[in-house]
>>> print(open('work06.cif').read())   # mmCIF, C-alpha atoms and all ligand atoms
data_final
#
loop_
_atom_site.label_atom_id
_atom_site.label_comp_id
_atom_site.auth_asym_id
_atom_site.auth_seq_id
_atom_site.Cartn_x
_atom_site.Cartn_y
_atom_site.Cartn_z
CA MET A 1 13.72 13.49 10.02
CA THR A 2 11.23 14.89 12.51
CA PRO A 3 8.26 12.98 13.89
CA GLN A 4 5.91 15.14 11.76
CA GLN A 5 7.60 13.77 8.66
CA LEU A 6 6.84 10.15 9.48
CA SER A 7 4.25 8.77 7.15
CA PRO A 8 0.91 7.70 8.62
CA GLY A 9 0.95 4.11 9.72
CA SER A 10 4.71 3.91 10.03
CA VAL A 11 6.02 2.11 13.08
CA TYR A 12 7.30 4.93 15.20
CA PRO A 13 10.18 5.48 15.68
CA ARG A 14 11.63 3.64 12.68
CA PRO A 15 14.50 5.70 11.32
CA GLY A 16 16.67 4.63 8.46
CA PRO A 17 20.30 4.20 9.48
CA GLU A 18 21.30 7.50 7.89
CA LEU A 19 18.38 9.50 9.27
CA ARG A 20 18.02 11.38 12.52
CA PRO A 21 15.58 9.31 14.58
CA GLY A 22 14.20 12.62 15.83
CA ASP A 23 12.15 11.40 18.76
CA VAL A 24 14.15 13.19 21.48
CA ALA A 25 13.89 16.72 22.85
CA VAL A 26 16.41 17.97 25.40
CA LEU A 27 15.62 20.55 28.07
CA VAL A 28 18.73 22.41 29.22
CA PRO A 29 18.48 24.20 32.57
CA ALA A 30 21.09 26.96 32.22
CA ALA A 31 19.71 29.73 34.42
CA GLY A 32 21.85 29.19 37.51
CA LEU A 33 24.17 31.88 38.83
CA GLY A 34 27.23 29.71 39.38
CA THR A 35 27.73 31.00 42.91
CA ARG A 36 30.22 28.27 43.79
CA LEU A 37 32.28 29.13 40.73
CA GLY A 38 32.83 32.63 42.16
CA PRO A 39 32.01 36.13 40.87
CA GLY A 40 31.28 36.61 37.19
CA ALA A 41 28.65 35.92 34.59
CA PRO A 42 26.01 33.20 35.14
CA LYS A 43 27.81 29.84 34.93
CA ALA A 44 26.37 28.70 31.60
CA LEU A 45 27.63 31.93 29.98
CA ARG A 46 31.22 31.67 31.27
CA GLU A 47 33.81 30.87 28.64
CA VAL A 48 36.04 27.82 28.49
CA ALA A 49 38.38 27.41 25.54
CA GLY A 50 36.80 30.32 23.65
CA ALA A 51 33.14 29.32 23.93
CA THR A 52 30.49 29.52 26.64
CA LEU A 53 29.75 26.39 28.63
CA LEU A 54 26.26 26.50 27.12
CA THR A 55 27.74 26.45 23.61
CA HIS A 56 29.84 23.38 24.47
CA THR A 57 26.73 21.75 25.93
CA VAL A 58 24.56 22.42 22.89
CA ARG A 59 27.29 21.26 20.47
CA ARG A 60 27.50 17.88 22.16
CA LEU A 61 23.73 17.46 22.47
CA ALA A 62 23.26 18.33 18.81
CA ALA A 63 25.90 15.75 17.84
CA ALA A 64 23.64 12.99 19.22
CA PRO A 65 21.62 11.70 16.25
CA SER A 66 18.36 11.22 18.21
CA VAL A 67 18.17 14.84 19.32
CA ALA A 68 15.63 16.79 17.24
CA CYS A 69 14.84 19.74 19.50
CA ILE A 70 16.62 21.64 22.28
CA VAL A 71 14.95 24.01 24.75
CA VAL A 72 17.30 26.14 26.86
CA ALA A 73 16.19 27.83 30.10
CA ALA A 74 18.45 30.89 30.13
CA PRO A 75 19.43 33.26 32.93
CA THR A 76 16.79 35.97 33.46
CA GLY A 77 16.99 38.72 30.86
CA THR A 78 19.44 36.90 28.56
CA ALA A 79 17.09 34.80 26.41
CA ALA A 80 17.33 36.92 23.24
CA ASP A 81 21.14 37.16 23.42
CA VAL A 82 21.49 33.46 24.20
CA ALA A 83 19.27 32.55 21.24
CA ALA A 84 21.39 34.73 18.94
CA ASP A 85 24.65 33.23 20.27
CA LEU A 86 23.42 29.66 19.83
CA ALA A 87 21.88 30.11 16.38
CA PRO A 88 25.14 29.39 14.49
CA VAL A 89 26.03 26.45 16.75
CA THR A 90 23.53 23.92 15.42
CA ASP A 91 20.80 23.34 12.87
CA VAL A 92 18.77 21.37 15.43
CA PRO A 93 15.67 23.49 16.21
CA LEU A 94 16.44 25.42 19.36
CA HIS A 95 14.17 27.46 21.65
CA VAL A 96 15.24 29.68 24.52
CA VAL A 97 13.01 30.57 27.46
CA ASP A 98 13.60 32.50 30.67
CA GLY A 99 14.65 30.21 33.51
CA GLY A 100 13.19 30.41 37.01
CA PRO A 101 14.58 31.00 40.50
CA THR A 102 15.24 27.28 41.08
CA ARG A 103 16.52 24.52 38.80
CA GLN A 104 13.18 22.77 39.07
CA GLU A 105 11.34 25.89 37.91
CA SER A 106 13.79 26.34 35.04
CA VAL A 107 13.17 22.76 33.88
CA ALA A 108 9.40 23.30 34.17
CA ALA A 109 9.59 26.51 32.11
CA ALA A 110 11.42 24.64 29.34
CA LEU A 111 9.06 21.65 29.56
CA TRP A 112 5.89 23.75 29.22
CA ALA A 113 7.45 25.55 26.23
CA LEU A 114 8.35 22.32 24.44
CA PRO A 115 6.63 21.84 21.07
CA ASP A 116 4.38 18.79 20.65
CA PRO A 117 5.89 15.91 18.78
CA TYR A 118 8.68 14.53 20.99
CA PRO A 119 7.79 11.42 22.99
CA ILE A 120 11.16 11.23 24.77
CA VAL A 121 12.42 14.16 26.84
CA LEU A 122 15.90 14.42 28.30
CA VAL A 123 16.89 16.98 30.92
CA HIS A 124 20.53 17.99 30.84
CA ASP A 125 22.42 20.52 32.99
CA ALA A 126 24.29 23.18 31.04
CA ALA A 127 26.89 22.79 33.80
CA ARG A 128 27.70 19.29 32.47
CA ALA A 129 28.99 20.86 29.29
CA PHE A 130 31.13 17.95 28.11
CA ALA A 131 28.70 15.05 28.37
CA PRO A 132 29.46 13.01 25.26
CA PRO A 133 26.84 12.36 22.57
CA ASP A 134 27.13 8.61 23.18
CA LEU A 135 25.86 9.14 26.71
CA VAL A 136 22.87 11.07 25.33
CA GLU A 137 22.13 8.17 22.97
CA ARG A 138 22.51 5.58 25.77
CA VAL A 139 19.95 7.35 27.95
CA ALA A 140 17.53 7.94 25.05
CA ALA A 141 17.82 4.29 23.94
CA ALA A 142 16.89 3.03 27.40
CA VAL A 143 13.73 5.19 27.39
CA ARG A 144 12.96 3.99 23.87
CA ASP A 145 13.34 0.42 25.18
CA GLY A 146 10.43 1.03 27.55
CA HIS A 147 11.81 2.56 30.74
CA ASP A 148 9.76 5.48 32.11
CA ALA A 149 12.81 7.21 33.55
CA VAL A 150 16.54 6.69 33.04
CA ILE A 151 19.52 8.19 34.85
CA PRO A 152 23.26 7.89 34.14
CA VAL A 153 25.21 6.90 37.26
CA LEU A 154 28.76 6.31 38.45
CA PRO A 155 29.97 4.31 41.45
CA VAL A 156 30.63 6.39 44.57
CA VAL A 157 34.29 6.54 45.61
CA ASP A 158 33.88 8.22 49.02
CA THR A 159 32.04 6.77 51.97
CA ILE A 160 28.79 8.77 52.32
CA LYS A 161 27.34 9.64 55.74
CA GLN A 162 23.91 10.93 56.58
CA VAL A 163 24.19 13.73 59.16
CA ASP A 164 21.78 15.80 61.24
CA GLY A 165 21.60 19.57 61.59
CA ASP A 166 23.95 19.52 64.60
CA GLY A 167 26.74 17.79 62.69
CA TYR A 168 26.25 14.29 64.09
CA VAL A 169 26.23 11.20 61.90
CA THR A 170 22.86 9.47 61.81
CA ALA A 171 23.58 6.69 59.30
CA THR A 172 26.22 5.19 57.00
CA PRO A 173 24.54 3.71 53.91
CA GLU A 174 26.45 0.79 52.43
CA ARG A 175 28.62 2.30 49.70
CA ALA A 176 28.05 -0.52 47.22
CA THR A 177 24.37 0.43 47.08
CA LEU A 178 25.05 4.12 46.33
CA ARG A 179 25.51 5.85 42.97
CA ALA A 180 26.48 9.37 41.95
CA VAL A 181 23.85 10.65 39.52
CA GLN A 182 24.50 12.72 36.42
CA THR A 183 22.52 14.15 33.54
CA PRO A 184 21.17 13.78 30.87
CA GLN A 185 18.24 12.10 32.59
CA GLY A 186 15.68 10.68 30.20
CA PHE A 187 11.91 10.31 30.51
CA ARG A 188 8.85 9.24 28.71
CA ARG A 189 7.40 12.69 28.16
CA SER A 190 4.03 12.02 29.78
CA VAL A 191 5.78 10.76 32.93
CA LEU A 192 7.97 13.87 33.22
CA GLU A 193 4.96 16.12 32.67
CA GLN A 194 2.97 14.28 35.33
CA ALA A 195 5.88 14.56 37.78
CA HIS A 196 6.28 18.30 37.25
CA ARG A 197 2.53 18.85 37.48
CA ALA A 198 2.48 17.03 40.82
CA ALA A 199 5.47 19.04 42.04
CA ARG A 200 3.79 22.37 41.42
CA SER A 201 0.46 21.42 43.00
CA PRO A 202 -0.23 23.16 46.34
CA ASP A 203 0.49 19.97 48.27
CA GLY A 204 3.37 19.14 45.94
CA ALA A 205 6.62 17.74 47.16
CA LEU A 206 9.65 19.65 48.44
CA PRO A 207 11.95 21.06 45.78
CA ALA A 208 14.12 18.36 44.24
CA THR A 209 17.70 18.59 42.96
CA ASP A 210 16.99 16.34 40.00
CA ASP A 211 14.04 15.35 37.86
CA ALA A 212 14.27 11.67 38.69
CA ALA A 213 13.38 12.53 42.30
CA LEU A 214 10.11 14.10 41.11
CA VAL A 215 9.37 11.00 39.06
CA GLU A 216 10.13 8.75 42.04
CA ARG A 217 7.56 10.71 44.07
CA ILE A 218 4.77 9.84 41.63
CA GLY A 219 5.70 6.18 41.94
CA ALA A 220 7.46 5.61 38.61
CA ARG A 221 10.53 3.38 38.46
CA VAL A 222 13.89 4.91 37.55
CA PHE A 223 16.43 2.79 35.66
CA CYS A 224 20.21 3.32 35.85
CA VAL A 225 22.65 3.22 32.92
CA PRO A 226 26.43 3.78 33.09
CA GLY A 227 27.42 7.44 33.29
CA SER A 228 30.54 9.11 31.98
CA ALA A 229 33.44 10.87 33.71
CA ALA A 230 33.25 13.54 30.99
CA ALA A 231 29.72 14.40 32.16
CA MET A 232 31.08 15.85 35.41
CA LYS A 233 29.28 18.93 36.69
CA ILE A 234 31.41 22.06 36.52
CA THR A 235 30.79 23.44 39.99
CA ASN A 236 33.91 24.83 41.70
CA PRO A 237 36.80 26.94 40.32
CA ALA A 238 39.09 23.87 40.26
CA ASP A 239 36.68 22.20 37.82
CA LEU A 240 37.52 24.82 35.19
CA ALA A 241 40.95 23.26 34.64
CA THR A 242 39.29 19.90 33.92
CA ALA A 243 36.81 21.68 31.66
CA GLU A 244 39.69 23.15 29.63
CA LEU A 245 41.13 19.64 29.20
CA LEU A 246 37.78 18.21 28.11
CA ALA A 247 37.26 21.11 25.68
CA ALA A 248 40.70 20.49 24.20
CA GLU A 249 39.76 16.93 23.31
CA PRO A 250 36.72 17.51 21.11
CA ALA A 251 37.27 14.33 19.14
CA ARG A 252 37.16 12.24 22.27
CA THR A 253 34.31 14.04 24.02
CA LEU A 254 32.29 14.27 20.84
CA ALA A 255 32.80 10.65 19.90
CA GLN A 256 33.04 8.46 22.97
CA PRO A 257 31.24 7.79 26.26
N1 LIG B 1 19.87 26.00 37.07
C1 LIG B 1 18.80 26.63 36.42
N2 LIG B 1 18.02 27.52 37.11
C2 LIG B 1 18.29 27.81 38.40
C3 LIG B 1 19.37 27.16 39.06
C4 LIG B 1 20.15 26.24 38.37
O1 LIG B 1 18.56 26.39 35.24
N3 LIG B 1 17.53 28.71 39.02
C5 LIG B 1 20.73 25.09 36.29
C6 LIG B 1 22.17 25.56 36.23
O2 LIG B 1 22.33 26.56 35.22
C7 LIG B 1 22.93 24.29 35.95
C8 LIG B 1 22.02 23.21 36.57
O3 LIG B 1 20.79 23.83 36.88
O4 LIG B 1 23.08 24.03 34.56
C9 LIG B 1 22.66 22.58 37.80
O5 LIG B 1 22.79 23.59 38.79
P1 LIG B 1 24.15 24.00 39.51
O6 LIG B 1 25.28 23.19 39.05
O7 LIG B 1 23.84 24.10 40.97
O8 LIG B 1 24.41 25.46 38.88
P2 LIG B 1 24.24 26.86 39.56
O9 LIG B 1 22.98 26.89 40.34
O10 LIG B 1 24.42 27.85 38.47
O11 LIG B 1 25.52 26.93 40.51
P3 LIG B 1 25.57 27.36 42.05
O12 LIG B 1 24.64 26.39 42.76
O13 LIG B 1 27.00 27.22 42.43
O14 LIG B 1 25.06 28.79 42.11
MG MG B 2 22.74 25.59 42.09
#
>>> encode(input="work06.cif", output="C-alpha cells")
Amino acid sequence: MTPQQLSPGSVYPRPGPELRPGDVAVLVPAAGLGTRLGPGAPKALREVAGATLLTHTVRRLAAAPSVACIVVAAPTGTAADVAADLAPVTDVPLHVVDGGPTRQESVAAALWALPDPYPIVLVHDAARAFAPPDLVERVAAAVRDGHDAVIPVLPVVDTIKQVDGDGYVTATPERATLRAVQTPQGFRRSVLEQAHRAARSPDGALPATDDAALVERIGARVFCVPGSAAAMKITNPADLATAELLAAEPARTLAQP
C-alpha cells in the first residue's frame, strides 16, 4: 500500500498487518569513490559475493516492510546503468539521481528528487550494505513514534581522544557517554528538509559527515536506538572479508538485527 492509496479520513499510517505500511522513503548516498578501499570502481559498484554492494543494500532495504520508495544517489555518469542494474532487484519504486562531490550533496540531490507522499525519510549509506531490515524498521518506528530524528548507535570500545592539528591531545571524553553512529538515520521529512536547506544557505554550517549533525544544528533533538554489528561501514580492504561473511548469511542478515 502506498500513502496515495489510503482512503480519505483514514488514520495515517494505519496499515493492516499484511500490508506494506508504505510511509518510509530511503535515500541512499552511493556516489563515493571508495578511496580507502583502494583502486577500482566506485565503492557502491564493487562486487561482493557476486553482486554490487549497492545491490546488497537495496535488497535489504526493500525487505523492510515500511519501505515504499528508494532514491539512490549514484556515482557521476552511472545513473542510467545503476537504474538498469537495480530494476530486477526489487519491486519497490526506485529512482536514481546523480550524486554530488560530497556525501552531504549526494543526500541533498536524492532528497530534492524524492516524490511527495512519504512523511518519514531514512538516509542510509550504500557502504553499509548489510544493515538488516529489522534495523530499518526499528529506526522508522522510532520516527513514527514521534521523534524528529533517530540514529542507530553502538557502544564505543576504544578510548577516544580529541587532538589538535599538531598531534597533541586536547581532551578525553568519558567513554561511557560516547556512541559510534551508523545508518540508516531516520527523520521526519520536514525536519530533514529544513536541515538541508539551512546547510546550503550562504551562512550555512560546515559540511557534516552525517545528517543528524545537520539536524542538531537547527536545534532538533536526535534520539538513539540500538544499532547492529551487521550495519558496519565497508571502508578498508580488510572489511571486504567481513562483507563476504555477511553476504554468505542472507537468512541472518535479512531476518535479524
Ligand atoms: N557518498 C556519496 N557521495 C559522495 C561521497 C560519499 O554518496 N560524494 C556516500 C558513499 O557512497 C557511501 C557513504 O556516502 O555510501 C559514506 O561514505 P564513505 O564510506 O566515506 O564512502 P566513500 O566516500 O566512497 O569512501 P572513501 O571516503 O574511502 O573515498
Ligand atoms: Mg568518503
>>> residues_around(input="work06.cif", residues="Pro155 in chain A", least_positions_apart="3", cutoff="9 Å", atoms="all atoms listed in the file", output="NGL selection string")
:A and (175-180)
>>> closest_atom_pairs(input="work06.cif", of="chain A", to="ligand LIG 1 (chain B)", cutoff="8 Å", atoms="all atoms listed in the file", output="tab-separated table")
residue	atom	partner	partner_atom	distance
A:Val28	CA	B:LIG1	O4	7.1
A:Pro29	CA	B:LIG1	O1	3.5
A:Ala30	CA	B:LIG1	O2	3.3
A:Ala31	CA	B:LIG1	O1	3.6
A:Gly32	CA	B:LIG1	O10	3.1
A:Leu33	CA	B:LIG1	O10	4.1
A:Gly34	CA	B:LIG1	O11	3.5
A:Thr35	CA	B:LIG1	O14	3.6
A:Arg36	CA	B:LIG1	O13	3.6
A:Leu37	CA	B:LIG1	O13	5.9
A:Gly38	CA	B:LIG1	O13	8.0
A:Pro42	CA	B:LIG1	O10	6.5
A:Lys43	CA	B:LIG1	O10	5.3
A:Ala44	CA	B:LIG1	O2	5.8
A:Ala73	CA	B:LIG1	O1	5.8
A:Ala74	CA	B:LIG1	O1	6.8
A:Pro75	CA	B:LIG1	N2	7.2
A:Gly99	CA	B:LIG1	N2	5.6
A:Gly100	CA	B:LIG1	N3	5.1
A:Pro101	CA	B:LIG1	N3	4.0
A:Thr102	CA	B:LIG1	N3	3.4
A:Arg103	CA	B:LIG1	N2	3.8
A:Gln104	CA	B:LIG1	N2	7.1
A:Glu105	CA	B:LIG1	N3	6.9
A:Ser106	CA	B:LIG1	O1	4.8
A:Val107	CA	B:LIG1	O1	6.6
A:His124	CA	B:LIG1	O4	7.5
A:Asp125	CA	B:LIG1	O4	3.9
A:Ala126	CA	B:LIG1	O4	3.8
A:Ala127	CA	B:LIG1	O4	4.1
A:Arg128	CA	B:LIG1	O4	6.9
A:Lys233	CA	B:LIG1	O6	6.3
A:Ile234	CA	B:LIG1	O6	6.7
A:Thr235	CA	B:LIG1	O6	5.6
A:Asn236	CA	B:LIG1	O13	7.3
>>> write_last_selection(input="work06.cif", atoms="C-alpha atoms", output="JSON list (two decimals), in the coordinates of the input")
[["chain", "number", "residue", "atom", "x", "y", "z"],
["A", 28, "VAL", "CA", 18.73, 22.41, 29.22],
["A", 29, "PRO", "CA", 18.48, 24.20, 32.57],
["A", 30, "ALA", "CA", 21.09, 26.96, 32.22],
["A", 31, "ALA", "CA", 19.71, 29.73, 34.42],
["A", 32, "GLY", "CA", 21.85, 29.19, 37.51],
["A", 33, "LEU", "CA", 24.17, 31.88, 38.83],
["A", 34, "GLY", "CA", 27.23, 29.71, 39.38],
["A", 35, "THR", "CA", 27.73, 31.00, 42.91],
["A", 36, "ARG", "CA", 30.22, 28.27, 43.79],
["A", 37, "LEU", "CA", 32.28, 29.13, 40.73],
["A", 38, "GLY", "CA", 32.83, 32.63, 42.16],
["A", 42, "PRO", "CA", 26.01, 33.20, 35.14],
["A", 43, "LYS", "CA", 27.81, 29.84, 34.93],
["A", 44, "ALA", "CA", 26.37, 28.70, 31.60],
["A", 73, "ALA", "CA", 16.19, 27.83, 30.10],
["A", 74, "ALA", "CA", 18.45, 30.89, 30.13],
["A", 75, "PRO", "CA", 19.43, 33.26, 32.93],
["A", 99, "GLY", "CA", 14.65, 30.21, 33.51],
["A", 100, "GLY", "CA", 13.19, 30.41, 37.01],
["A", 101, "PRO", "CA", 14.58, 31.00, 40.50],
["A", 102, "THR", "CA", 15.24, 27.28, 41.08],
["A", 103, "ARG", "CA", 16.52, 24.52, 38.80],
["A", 104, "GLN", "CA", 13.18, 22.77, 39.07],
["A", 105, "GLU", "CA", 11.34, 25.89, 37.91],
["A", 106, "SER", "CA", 13.79, 26.34, 35.04],
["A", 107, "VAL", "CA", 13.17, 22.76, 33.88],
["A", 124, "HIS", "CA", 20.53, 17.99, 30.84],
["A", 125, "ASP", "CA", 22.42, 20.52, 32.99],
["A", 126, "ALA", "CA", 24.29, 23.18, 31.04],
["A", 127, "ALA", "CA", 26.89, 22.79, 33.80],
["A", 128, "ARG", "CA", 27.70, 19.29, 32.47],
["A", 233, "LYS", "CA", 29.28, 18.93, 36.69],
["A", 234, "ILE", "CA", 31.41, 22.06, 36.52],
["A", 235, "THR", "CA", 30.79, 23.44, 39.99],
["A", 236, "ASN", "CA", 33.91, 24.83, 41.70]]
>>> closest_residue(input="work06.cif", among="A:Leu53, A:Ala41, A:Ala83, A:Val26", to="Leu240 in chain A", atoms="all atoms listed in the file")
A:Leu53
>>> closest_residue(input="work06.cif", among="A:Val121, A:Val82, A:Ala25, A:Val169", to="Arg189 in chain A", atoms="all atoms listed in the file")
A:Val121
>>> closest_residue(input="work06.cif", among="A:Asp98, A:Ile160, A:Ile70, A:Thr209", to="ligand MG 2 (chain B)", atoms="all atoms listed in the file")
A:Thr209
>>> closest_residue(input="work06.cif", among="A:Pro202, A:Pro117, A:Pro39, A:Pro226", to="Val139 in chain A", atoms="only C-alpha atoms")
A:Pro226
